[in-house]
>>> print(open('entry.tsv').read())   # TSV, N, CA and C atoms and all ligand atoms
chain	number	residue	atom	x	y	z
I	1	MET	N	89.01	128.96	102.39
I	1	MET	CA	90.06	128.57	101.42
I	1	MET	C	90.13	127.05	101.29
I	2	SER	N	89.98	126.34	102.43
I	2	SER	CA	90.10	124.88	102.35
I	2	SER	C	89.01	124.27	101.48
I	3	GLU	N	87.89	124.98	101.34
I	3	GLU	CA	86.81	124.45	100.52
I	3	GLU	C	87.20	124.37	99.04
I	4	SER	N	88.06	125.28	98.59
I	4	SER	CA	88.47	125.22	97.19
I	4	SER	C	89.41	124.03	96.96
I	5	TYR	N	90.17	123.66	97.99
I	5	TYR	CA	91.00	122.45	97.88
I	5	TYR	C	90.12	121.21	97.85
I	6	ARG	N	89.08	121.23	98.68
I	6	ARG	CA	88.16	120.10	98.68
I	6	ARG	C	87.54	119.94	97.29
I	7	ASP	N	87.13	121.07	96.71
I	7	ASP	CA	86.57	121.04	95.35
I	7	ASP	C	87.56	120.42	94.37
I	8	ALA	N	88.82	120.88	94.44
I	8	ALA	CA	89.84	120.40	93.52
I	8	ALA	C	90.05	118.90	93.71
I	9	LEU	N	90.05	118.44	94.96
I	9	LEU	CA	90.25	117.02	95.25
I	9	LEU	C	89.09	116.18	94.74
I	10	VAL	N	87.88	116.65	95.00
I	10	VAL	CA	86.70	115.91	94.59
I	10	VAL	C	86.62	115.84	93.06
I	11	ARG	N	86.99	116.96	92.42
I	11	ARG	CA	86.94	117.00	90.95
I	11	ARG	C	87.97	116.04	90.36
I	12	LYS	N	89.19	116.03	90.93
I	12	LYS	CA	90.25	115.14	90.44
I	12	LYS	C	89.84	113.68	90.62
I	13	LYS	N	89.22	113.39	91.74
I	13	LYS	CA	88.76	112.04	92.03
I	13	LYS	C	87.75	111.58	90.98
I	14	ALA	N	86.79	112.46	90.68
I	14	ALA	CA	85.76	112.14	89.69
I	14	ALA	C	86.40	111.92	88.31
I	15	GLU	N	87.40	112.75	88.03
I	15	GLU	CA	88.12	112.68	86.75
I	15	GLU	C	88.79	111.31	86.58
I	16	ILE	N	89.50	110.88	87.63
I	16	ILE	CA	90.20	109.59	87.58
I	16	ILE	C	89.20	108.45	87.44
I	17	LEU	N	88.14	108.51	88.21
I	17	LEU	CA	87.14	107.44	88.17
I	17	LEU	C	86.48	107.37	86.80
I	18	ALA	N	86.22	108.53	86.21
I	18	ALA	CA	85.55	108.57	84.91
I	18	ALA	C	86.49	108.10	83.79
I	19	ALA	N	87.77	108.50	83.87
I	19	ALA	CA	88.71	108.19	82.80
I	19	ALA	C	89.31	106.80	82.95
I	20	GLY	N	89.42	106.32	84.19
I	20	GLY	CA	90.16	105.09	84.46
I	20	GLY	C	89.50	103.83	83.97
I	21	VAL	N	88.20	103.74	84.08
I	21	VAL	CA	87.54	102.47	83.87
I	21	VAL	C	87.38	102.12	82.40
I	22	ARG	N	86.90	103.05	81.61
I	22	ARG	CA	86.55	102.73	80.23
I	22	ARG	C	87.73	102.34	79.32
I	23	PRO	N	88.85	103.10	79.34
I	23	PRO	CA	89.95	102.71	78.45
I	23	PRO	C	90.47	101.31	78.75
I	24	LEU	N	90.54	100.95	80.04
I	24	LEU	CA	91.02	99.63	80.43
I	24	LEU	C	90.07	98.56	79.92
I	25	ALA	N	88.79	98.74	80.11
I	25	ALA	CA	87.80	97.78	79.65
I	25	ALA	C	87.89	97.61	78.14
I	26	ALA	N	88.10	98.72	77.42
I	26	ALA	CA	88.20	98.67	75.96
I	26	ALA	C	89.44	97.89	75.54
I	27	ALA	N	90.56	98.09	76.24
I	27	ALA	CA	91.80	97.39	75.92
I	27	ALA	C	91.64	95.90	76.15
I	28	MET	N	91.00	95.53	77.24
I	28	MET	CA	90.77	94.12	77.57
I	28	MET	C	89.90	93.46	76.51
I	29	GLU	N	88.86	94.16	76.15
I	29	GLU	CA	87.91	93.65	75.17
I	29	GLU	C	88.61	93.43	73.83
I	30	GLY	N	89.44	94.40	73.42
I	30	GLY	CA	90.19	94.29	72.18
I	30	GLY	C	91.08	93.06	72.18
I	31	SER	N	91.76	92.81	73.29
I	31	SER	CA	92.69	91.69	73.39
I	31	SER	C	91.96	90.36	73.30
I	32	SER	N	90.84	90.25	73.98
I	32	SER	CA	90.15	88.96	74.00
I	32	SER	C	89.57	88.65	72.62
I	33	ARG	N	89.21	89.69	71.88
I	33	ARG	CA	88.70	89.46	70.52
I	33	ARG	C	89.78	88.93	69.61
I	34	GLN	N	91.04	89.31	69.89
I	34	GLN	CA	92.15	88.89	69.03
I	34	GLN	C	92.60	87.46	69.33
I	35	GLY	N	92.05	86.85	70.36
I	35	GLY	CA	92.41	85.47	70.68
I	35	GLY	C	93.35	85.37	71.86
I	36	ASP	N	94.33	84.47	71.75
I	36	ASP	CA	95.23	84.18	72.88
I	36	ASP	C	96.03	85.42	73.28
I	37	LEU	N	95.91	85.84	74.52
I	37	LEU	CA	96.60	87.02	75.04
I	37	LEU	C	98.11	86.90	74.89
I	38	ALA	N	98.65	85.73	75.17
I	38	ALA	CA	100.11	85.54	75.20
I	38	ALA	C	100.73	85.77	73.82
I	39	ASP	N	99.98	85.54	72.75
I	39	ASP	CA	100.52	85.69	71.40
I	39	ASP	C	100.33	87.09	70.85
I	40	GLN	N	99.67	87.94	71.59
I	40	GLN	CA	99.35	89.27	71.09
I	40	GLN	C	100.21	90.33	71.79
I	41	ALA	N	101.46	90.43	71.33
I	41	ALA	CA	102.41	91.33	72.00
I	41	ALA	C	101.90	92.77	72.02
I	42	ASP	N	101.44	93.24	70.88
I	42	ASP	CA	101.00	94.64	70.80
I	42	ASP	C	99.82	94.91	71.72
I	43	GLY	N	98.85	94.01	71.63
I	43	GLY	CA	97.67	94.14	72.47
I	43	GLY	C	98.05	94.11	73.94
I	44	ASN	N	99.01	93.23	74.27
I	44	ASN	CA	99.45	93.12	75.66
I	44	ASN	C	100.10	94.39	76.16
I	45	ASN	N	100.96	94.98	75.32
I	45	ASN	CA	101.61	96.23	75.74
I	45	ASN	C	100.58	97.27	76.08
I	46	GLU	N	99.56	97.32	75.27
I	46	GLU	CA	98.51	98.31	75.50
I	46	GLU	C	97.85	98.08	76.85
I	47	VAL	N	97.59	96.81	77.13
I	47	VAL	CA	96.96	96.48	78.41
I	47	VAL	C	97.89	96.84	79.55
I	48	HIS	N	99.19	96.54	79.39
I	48	HIS	CA	100.15	96.85	80.45
I	48	HIS	C	100.21	98.35	80.72
I	49	ILE	N	100.21	99.13	79.65
I	49	ILE	CA	100.23	100.59	79.82
I	49	ILE	C	99.00	101.02	80.60
I	50	GLN	N	97.85	100.48	80.22
I	50	GLN	CA	96.61	100.83	80.91
I	50	GLN	C	96.68	100.44	82.39
I	51	LEU	N	97.23	99.24	82.67
I	51	LEU	CA	97.31	98.79	84.05
I	51	LEU	C	98.23	99.68	84.85
I	52	LYS	N	99.35	100.10	84.21
I	52	LYS	CA	100.28	100.98	84.88
I	52	LYS	C	99.63	102.32	85.21
I	53	LEU	N	98.89	102.84	84.25
I	53	LEU	CA	98.15	104.08	84.49
I	53	LEU	C	97.19	103.90	85.66
I	54	LYS	N	96.54	102.74	85.67
I	54	LYS	CA	95.57	102.47	86.73
I	54	LYS	C	96.25	102.45	88.09
I	55	GLN	N	97.47	101.89	88.15
I	55	GLN	CA	98.18	101.86	89.43
I	55	GLN	C	98.51	103.26	89.91
I	56	THR	N	98.96	104.11	88.98
I	56	THR	CA	99.25	105.50	89.34
I	56	THR	C	97.98	106.18	89.81
I	57	ASP	N	96.90	105.97	89.05
I	57	ASP	CA	95.62	106.57	89.43
I	57	ASP	C	95.18	106.09	90.81
I	58	ALA	N	95.39	104.80	91.07
I	58	ALA	CA	94.97	104.24	92.36
I	58	ALA	C	95.73	104.91	93.50
I	59	LYS	N	97.02	105.18	93.27
I	59	LYS	CA	97.83	105.86	94.29
I	59	LYS	C	97.32	107.28	94.52
I	60	ILE	N	96.99	107.97	93.42
I	60	ILE	CA	96.49	109.33	93.55
I	60	ILE	C	95.13	109.31	94.27
I	61	LEU	N	94.29	108.34	93.90
I	61	LEU	CA	92.98	108.23	94.55
I	61	LEU	C	93.15	108.06	96.05
I	62	GLN	N	94.08	107.19	96.44
I	62	GLN	CA	94.36	106.95	97.86
I	62	GLN	C	94.80	108.25	98.54
I	63	ALA	N	95.70	108.97	97.86
I	63	ALA	CA	96.20	110.23	98.41
I	63	ALA	C	95.08	111.25	98.53
I	64	ILE	N	94.16	111.26	97.55
I	64	ILE	CA	93.03	112.18	97.59
I	64	ILE	C	92.13	111.87	98.78
I	65	GLU	N	91.86	110.58	98.98
I	65	GLU	CA	91.02	110.18	100.12
I	65	GLU	C	91.66	110.65	101.43
I	66	GLU	N	92.97	110.47	101.55
I	66	GLU	CA	93.68	110.88	102.77
I	66	GLU	C	93.63	112.39	102.94
I	67	ALA	N	93.77	113.11	101.82
I	67	ALA	CA	93.74	114.57	101.88
I	67	ALA	C	92.36	115.05	102.34
I	68	LEU	N	91.30	114.37	101.87
I	68	LEU	CA	89.94	114.75	102.28
I	68	LEU	C	89.74	114.52	103.78
I	69	VAL	N	90.33	113.43	104.30
I	69	VAL	CA	90.25	113.16	105.74
I	69	VAL	C	90.98	114.26	106.50
I	70	ARG	N	92.15	114.66	105.97
I	70	ARG	CA	92.92	115.72	106.65
I	70	ARG	C	92.16	117.06	106.62
I	71	LEU	N	91.43	117.30	105.55
I	71	LEU	CA	90.60	118.51	105.49
I	71	LEU	C	89.55	118.47	106.61
I	72	ASP	N	88.94	117.29	106.81
I	72	ASP	CA	87.93	117.14	107.87
I	72	ASP	C	88.54	117.34	109.24
I	73	LYS	N	89.76	116.82	109.43
I	73	LYS	CA	90.42	116.91	110.73
I	73	LYS	C	91.06	118.27	110.97
I	74	GLY	N	91.19	119.05	109.90
I	74	GLY	CA	91.83	120.35	110.04
I	74	GLY	C	93.35	120.30	110.00
I	75	THR	N	93.89	119.16	109.56
I	75	THR	CA	95.35	119.04	109.48
I	75	THR	C	95.84	119.16	108.04
I	76	TYR	N	94.93	119.49	107.14
I	76	TYR	CA	95.31	119.61	105.72
I	76	TYR	C	96.34	120.71	105.53
I	77	GLY	N	97.33	120.43	104.66
I	77	GLY	CA	98.35	121.43	104.37
I	77	GLY	C	99.55	121.34	105.29
I	78	THR	N	99.55	120.32	106.17
I	78	THR	CA	100.68	120.11	107.06
I	78	THR	C	101.44	118.87	106.60
I	79	CYS	N	102.77	118.97	106.55
I	79	CYS	CA	103.59	117.87	106.08
I	79	CYS	C	103.46	116.66	107.00
I	80	ARG	N	103.26	115.47	106.41
I	80	ARG	CA	103.11	114.25	107.18
I	80	ARG	C	104.40	113.89	107.91
I	81	ASP	N	105.54	114.24	107.30
I	81	ASP	CA	106.82	113.80	107.84
I	81	ASP	C	107.40	114.76	108.87
I	82	CYS	N	107.42	116.05	108.56
I	82	CYS	CA	108.09	117.00	109.46
I	82	CYS	C	107.11	117.91	110.19
I	83	GLY	N	105.83	117.89	109.80
I	83	GLY	CA	104.84	118.69	110.51
I	83	GLY	C	104.84	120.17	110.15
I	84	GLU	N	105.71	120.55	109.22
I	84	GLU	CA	105.76	121.95	108.78
I	84	GLU	C	104.64	122.20	107.76
I	85	PRO	N	104.20	123.45	107.63
I	85	PRO	CA	103.18	123.75	106.61
I	85	PRO	C	103.73	123.52	105.20
I	86	ILE	N	102.88	122.96	104.35
I	86	ILE	CA	103.25	122.77	102.94
I	86	ILE	C	102.95	124.08	102.21
I	87	SER	N	103.85	124.49	101.33
I	87	SER	CA	103.67	125.78	100.65
I	87	SER	C	102.39	125.79	99.81
I	88	LEU	N	101.76	126.95	99.74
I	88	LEU	CA	100.51	127.06	98.98
I	88	LEU	C	100.73	126.75	97.51
I	89	ALA	N	101.89	127.14	96.98
I	89	ALA	CA	102.17	126.87	95.57
I	89	ALA	C	102.15	125.37	95.32
I	90	ARG	N	102.72	124.62	96.28
I	90	ARG	CA	102.76	123.16	96.13
I	90	ARG	C	101.35	122.57	96.26
I	91	LEU	N	100.58	123.07	97.22
I	91	LEU	CA	99.21	122.58	97.40
I	91	LEU	C	98.34	122.90	96.18
I	92	ASN	N	98.59	124.07	95.60
I	92	ASN	CA	97.80	124.44	94.42
I	92	ASN	C	98.15	123.55	93.24
I	93	ALA	N	99.42	123.14	93.15
I	93	ALA	CA	99.86	122.28	92.05
I	93	ALA	C	99.42	120.84	92.27
I	94	ILE	N	99.56	120.35	93.50
I	94	ILE	CA	99.22	118.96	93.84
I	94	ILE	C	98.42	118.96	95.13
I	95	PRO	N	97.10	119.17	95.03
I	95	PRO	CA	96.29	119.32	96.25
I	95	PRO	C	96.30	118.08	97.15
I	96	TRP	N	96.67	116.90	96.59
I	96	TRP	CA	96.61	115.66	97.38
I	96	TRP	C	97.99	115.29	97.96
I	97	THR	N	98.96	116.21	97.85
I	97	THR	CA	100.29	115.88	98.35
I	97	THR	C	100.29	115.68	99.87
I	98	ARG	N	101.14	114.76	100.34
I	98	ARG	CA	101.19	114.46	101.79
I	98	ARG	C	102.34	115.17	102.49
I	99	VAL	N	103.38	115.52	101.71
I	99	VAL	CA	104.60	116.03	102.34
I	99	VAL	C	105.04	117.34	101.69
I	100	CYS	N	105.84	118.11	102.42
I	100	CYS	CA	106.36	119.36	101.89
I	100	CYS	C	107.47	119.07	100.87
I	101	ILE	N	107.88	120.09	100.17
I	101	ILE	CA	108.86	119.89	99.09
I	101	ILE	C	110.20	119.39	99.65
I	102	THR	N	110.58	119.85	100.84
I	102	THR	CA	111.84	119.43	101.44
I	102	THR	C	111.84	117.92	101.70
I	103	CYS	N	110.73	117.41	102.28
I	103	CYS	CA	110.65	115.99	102.57
I	103	CYS	C	110.51	115.17	101.29
I	104	LYS	N	109.82	115.73	100.32
I	104	LYS	CA	109.66	115.05	99.04
I	104	LYS	C	111.04	114.85	98.38
I	105	GLU	N	111.85	115.88	98.45
I	105	GLU	CA	113.19	115.78	97.86
I	105	GLU	C	114.06	114.79	98.62
I	106	LYS	N	113.88	114.71	99.91
I	106	LYS	CA	114.60	113.71	100.73
I	106	LYS	C	114.21	112.30	100.32
I	107	GLN	N	112.92	112.12	100.02
I	107	GLN	CA	112.42	110.79	99.64
I	107	GLN	C	113.03	110.31	98.34
I	108	SER	N	113.18	111.22	97.39
I	108	SER	CA	113.57	110.79	96.05
I	108	SER	C	115.09	110.68	95.89
I	109	THR	N	115.85	111.06	96.91
I	109	THR	CA	117.30	110.92	96.79
I	109	THR	C	117.81	109.79	97.66
K	201	ZN	ZN	108.17	118.04	105.46
>>> encode(input="entry.tsv", output="structure tokens")
Amino acid sequence: MSESYRDALVRKKAEILAAGVRPLAAAMEGSSRQGDLADQADGNNEVHIQLKLKQTDAKILQAIEEALVRLDKGTYGTCRDCGEPISLARLNAIPWTRVCITCKEKQST
């Protein structure tokens, strides 16, 4: 069963790497063609959105790497904070999650 999670993690990682680089490069290229970055509000917003997406992607990538390490160690599916098993429904929805739903809810409040 853990192999299907590994597949999901590896596939998501490839997806982020494939999608992340090109749109950002295109946005940068577009802005530099228009001249001074500071005067190009619209172009800048686009770049900021791309950068924000990249930050989110970077966090997910980091979480994916950690999840792959946990798969190797055999600790995958265990909550980082309380040590309880993470529900399968949650793992299926977010295979790179580090914590169970209870701890996640504690974090966000
Ligand atoms: Zn927990």
>>> residues_near_ligand(input="entry.tsv", ligand="ligand ZN 201 (chain K)", cutoff="6.5 Å", atoms="only N, CA and C atoms and all ligand atoms", output="ChimeraX atom specification")
/I:79-84,99-104
>>> atom_distance(input="entry.tsv", atom1="atom C of Arg98 (chain I)", atom2="atom N of Gln50 (chain I)")
27.1 Å
>>> residues_around(input="entry.tsv", residues="region 1-14 of chain I", least_positions_apart="5", cutoff="6.5 Å", atoms="all atoms listed in the file", output="list in words")
Ala19, Leu61, Ile64 and Pro95 of chain I
>>> write_last_selection(input="entry.tsv", atoms="N, CA and C atoms", output="CSV table (one decimal), keeping the file's coordinate frame")
chain,number,residue,atom,x,y,z
I,19,ALA,N,87.8,108.5,83.9
I,19,ALA,CA,88.7,108.2,82.8
I,19,ALA,C,89.3,106.8,83.0
I,61,LEU,N,94.3,108.3,93.9
I,61,LEU,CA,93.0,108.2,94.6
I,61,LEU,C,93.2,108.1,96.0
I,64,ILE,N,94.2,111.3,97.6
I,64,ILE,CA,93.0,112.2,97.6
I,64,ILE,C,92.1,111.9,98.8
I,95,PRO,N,97.1,119.2,95.0
I,95,PRO,CA,96.3,119.3,96.2
I,95,PRO,C,96.3,118.1,97.2
>>> closest_residue(input="entry.tsv", among="I:Ile16, I:Ser108, I:Val69, I:Ile94", to="Asp57 (chain I)", atoms="only C-alpha atoms")
I:Ile16
>>> atom_distance(input="entry.tsv", atom1="CA of Tyr76 (chain I)", atom2="CA of Gln62 (chain I)")
14.9 Å
>>> atom_distance(input="entry.tsv", atom1="CA of Leu17 (chain I)", atom2="CA of Thr75 (chain I)")
25.6 Å
>>> closest_residue(input="entry.tsv", among="I:Trp96, I:Ala18, I:Leu53, I:Lys106", to="Arg70 (chain I)", atoms="only C-alpha atoms")
I:Trp96
>>> decode(input="entry.tsv", residues="region 86-100 of chain I", atoms="all heavy atoms", output="compact mmCIF listing (two decimals), in the first residue's frame")
# COMPACT_ATOMS: atom_id res chain seq x y z
N ILE I 86 -2.33 8.87 10.97
CA ILE I 86 -3.13 9.82 10.19
C ILE I 86 -4.17 9.01 9.41
O ILE I 86 -3.86 7.93 8.89
CB ILE I 86 -2.22 10.61 9.23
CG1 ILE I 86 -1.16 11.40 10.03
CG2 ILE I 86 -3.05 11.55 8.35
CD1 ILE I 86 -0.10 12.05 9.16
N SER I 87 -5.39 9.50 9.35
CA SER I 87 -6.46 8.74 8.69
C SER I 87 -6.15 8.52 7.21
O SER I 87 -5.53 9.37 6.56
CB SER I 87 -7.79 9.46 8.84
OG SER I 87 -7.85 10.56 7.97
N LEU I 88 -6.57 7.38 6.70
CA LEU I 88 -6.30 7.06 5.30
C LEU I 88 -6.96 8.06 4.36
O LEU I 88 -6.40 8.42 3.33
CB LEU I 88 -6.80 5.64 4.98
CG LEU I 88 -5.98 4.50 5.59
CD1 LEU I 88 -6.57 3.16 5.18
CD2 LEU I 88 -4.52 4.58 5.17
N ALA I 89 -8.15 8.53 4.75
CA ALA I 89 -8.85 9.50 3.90
C ALA I 89 -8.00 10.76 3.75
O ALA I 89 -7.91 11.33 2.66
CB ALA I 89 -10.20 9.85 4.52
N ARG I 90 -7.37 11.16 4.86
CA ARG I 90 -6.52 12.36 4.82
C ARG I 90 -5.26 12.11 3.99
O ARG I 90 -4.84 12.96 3.20
CB ARG I 90 -6.16 12.76 6.25
CG ARG I 90 -5.29 13.98 6.35
CD ARG I 90 -5.34 14.60 7.74
NE ARG I 90 -4.28 15.57 7.94
CZ ARG I 90 -4.30 16.79 7.41
NH1 ARG I 90 -5.33 17.19 6.69
NH2 ARG I 90 -3.31 17.63 7.59
N LEU I 91 -4.66 10.94 4.16
CA LEU I 91 -3.46 10.60 3.38
C LEU I 91 -3.77 10.51 1.89
O LEU I 91 -2.96 10.90 1.05
CB LEU I 91 -2.87 9.27 3.87
CG LEU I 91 -2.12 9.31 5.20
CD1 LEU I 91 -1.68 7.91 5.58
CD2 LEU I 91 -0.93 10.25 5.15
N ASN I 92 -4.96 9.99 1.59
CA ASN I 92 -5.34 9.87 0.18
C ASN I 92 -5.56 11.25 -0.43
O ASN I 92 -5.26 11.47 -1.61
CB ASN I 92 -6.60 9.03 0.03
CG ASN I 92 -6.31 7.55 0.26
OD1 ASN I 92 -5.20 7.09 0.02
ND2 ASN I 92 -7.29 6.82 0.74
N ALA I 93 -6.08 12.19 0.37
CA ALA I 93 -6.33 13.54 -0.12
C ALA I 93 -5.04 14.34 -0.22
O ALA I 93 -4.81 15.06 -1.19
CB ALA I 93 -7.33 14.25 0.79
N ILE I 94 -4.19 14.23 0.81
CA ILE I 94 -2.93 14.99 0.87
C ILE I 94 -1.82 14.03 1.28
O ILE I 94 -1.47 13.93 2.46
CB ILE I 94 -3.01 16.15 1.90
CG1 ILE I 94 -4.34 16.90 1.78
CG2 ILE I 94 -1.83 17.12 1.72
CD1 ILE I 94 -4.60 17.84 2.94
N PRO I 95 -1.24 13.31 0.31
CA PRO I 95 -0.25 12.27 0.67
C PRO I 95 0.99 12.82 1.37
O PRO I 95 1.71 12.07 2.01
CB PRO I 95 0.12 11.65 -0.69
CG PRO I 95 -0.96 12.04 -1.64
CD PRO I 95 -1.49 13.36 -1.13
N TRP I 96 1.25 14.15 1.24
CA TRP I 96 2.48 14.71 1.82
C TRP I 96 2.21 15.37 3.18
O TRP I 96 3.06 16.05 3.73
CB TRP I 96 3.11 15.74 0.87
CG TRP I 96 2.14 16.81 0.45
CD1 TRP I 96 1.89 17.99 1.11
CD2 TRP I 96 1.30 16.81 -0.70
NE1 TRP I 96 0.93 18.71 0.43
CE2 TRP I 96 0.55 18.00 -0.69
CE3 TRP I 96 1.11 15.89 -1.75
CZ2 TRP I 96 -0.39 18.30 -1.68
CZ3 TRP I 96 0.18 16.20 -2.73
CH2 TRP I 96 -0.55 17.38 -2.70
N THR I 97 1.00 15.16 3.73
CA THR I 97 0.70 15.80 5.01
C THR I 97 1.58 15.27 6.14
O THR I 97 1.98 14.10 6.14
CB THR I 97 -0.79 15.60 5.39
OG1 THR I 97 -1.07 16.40 6.53
CG2 THR I 97 -1.12 14.14 5.69
N ARG I 98 1.93 16.15 7.09
CA ARG I 98 2.82 15.76 8.20
C ARG I 98 2.05 15.42 9.46
O ARG I 98 2.56 14.76 10.35
CB ARG I 98 3.76 16.91 8.55
CG ARG I 98 4.69 17.35 7.47
CD ARG I 98 5.47 18.55 8.00
NE ARG I 98 6.48 19.03 7.08
CZ ARG I 98 6.31 20.07 6.28
NH1 ARG I 98 5.18 20.73 6.30
NH2 ARG I 98 7.27 20.46 5.47
N VAL I 99 0.83 15.98 9.59
CA VAL I 99 0.11 15.86 10.86
C VAL I 99 -1.31 15.36 10.64
O VAL I 99 -1.86 15.47 9.54
CB VAL I 99 0.05 17.23 11.60
CG1 VAL I 99 1.44 17.67 12.04
CG2 VAL I 99 -0.61 18.29 10.74
N CYS I 100 -1.90 14.81 11.69
CA CYS I 100 -3.27 14.33 11.61
C CYS I 100 -4.23 15.52 11.62
O CYS I 100 -3.83 16.65 11.91
CB CYS I 100 -3.56 13.39 12.78
SG CYS I 100 -3.64 14.22 14.37
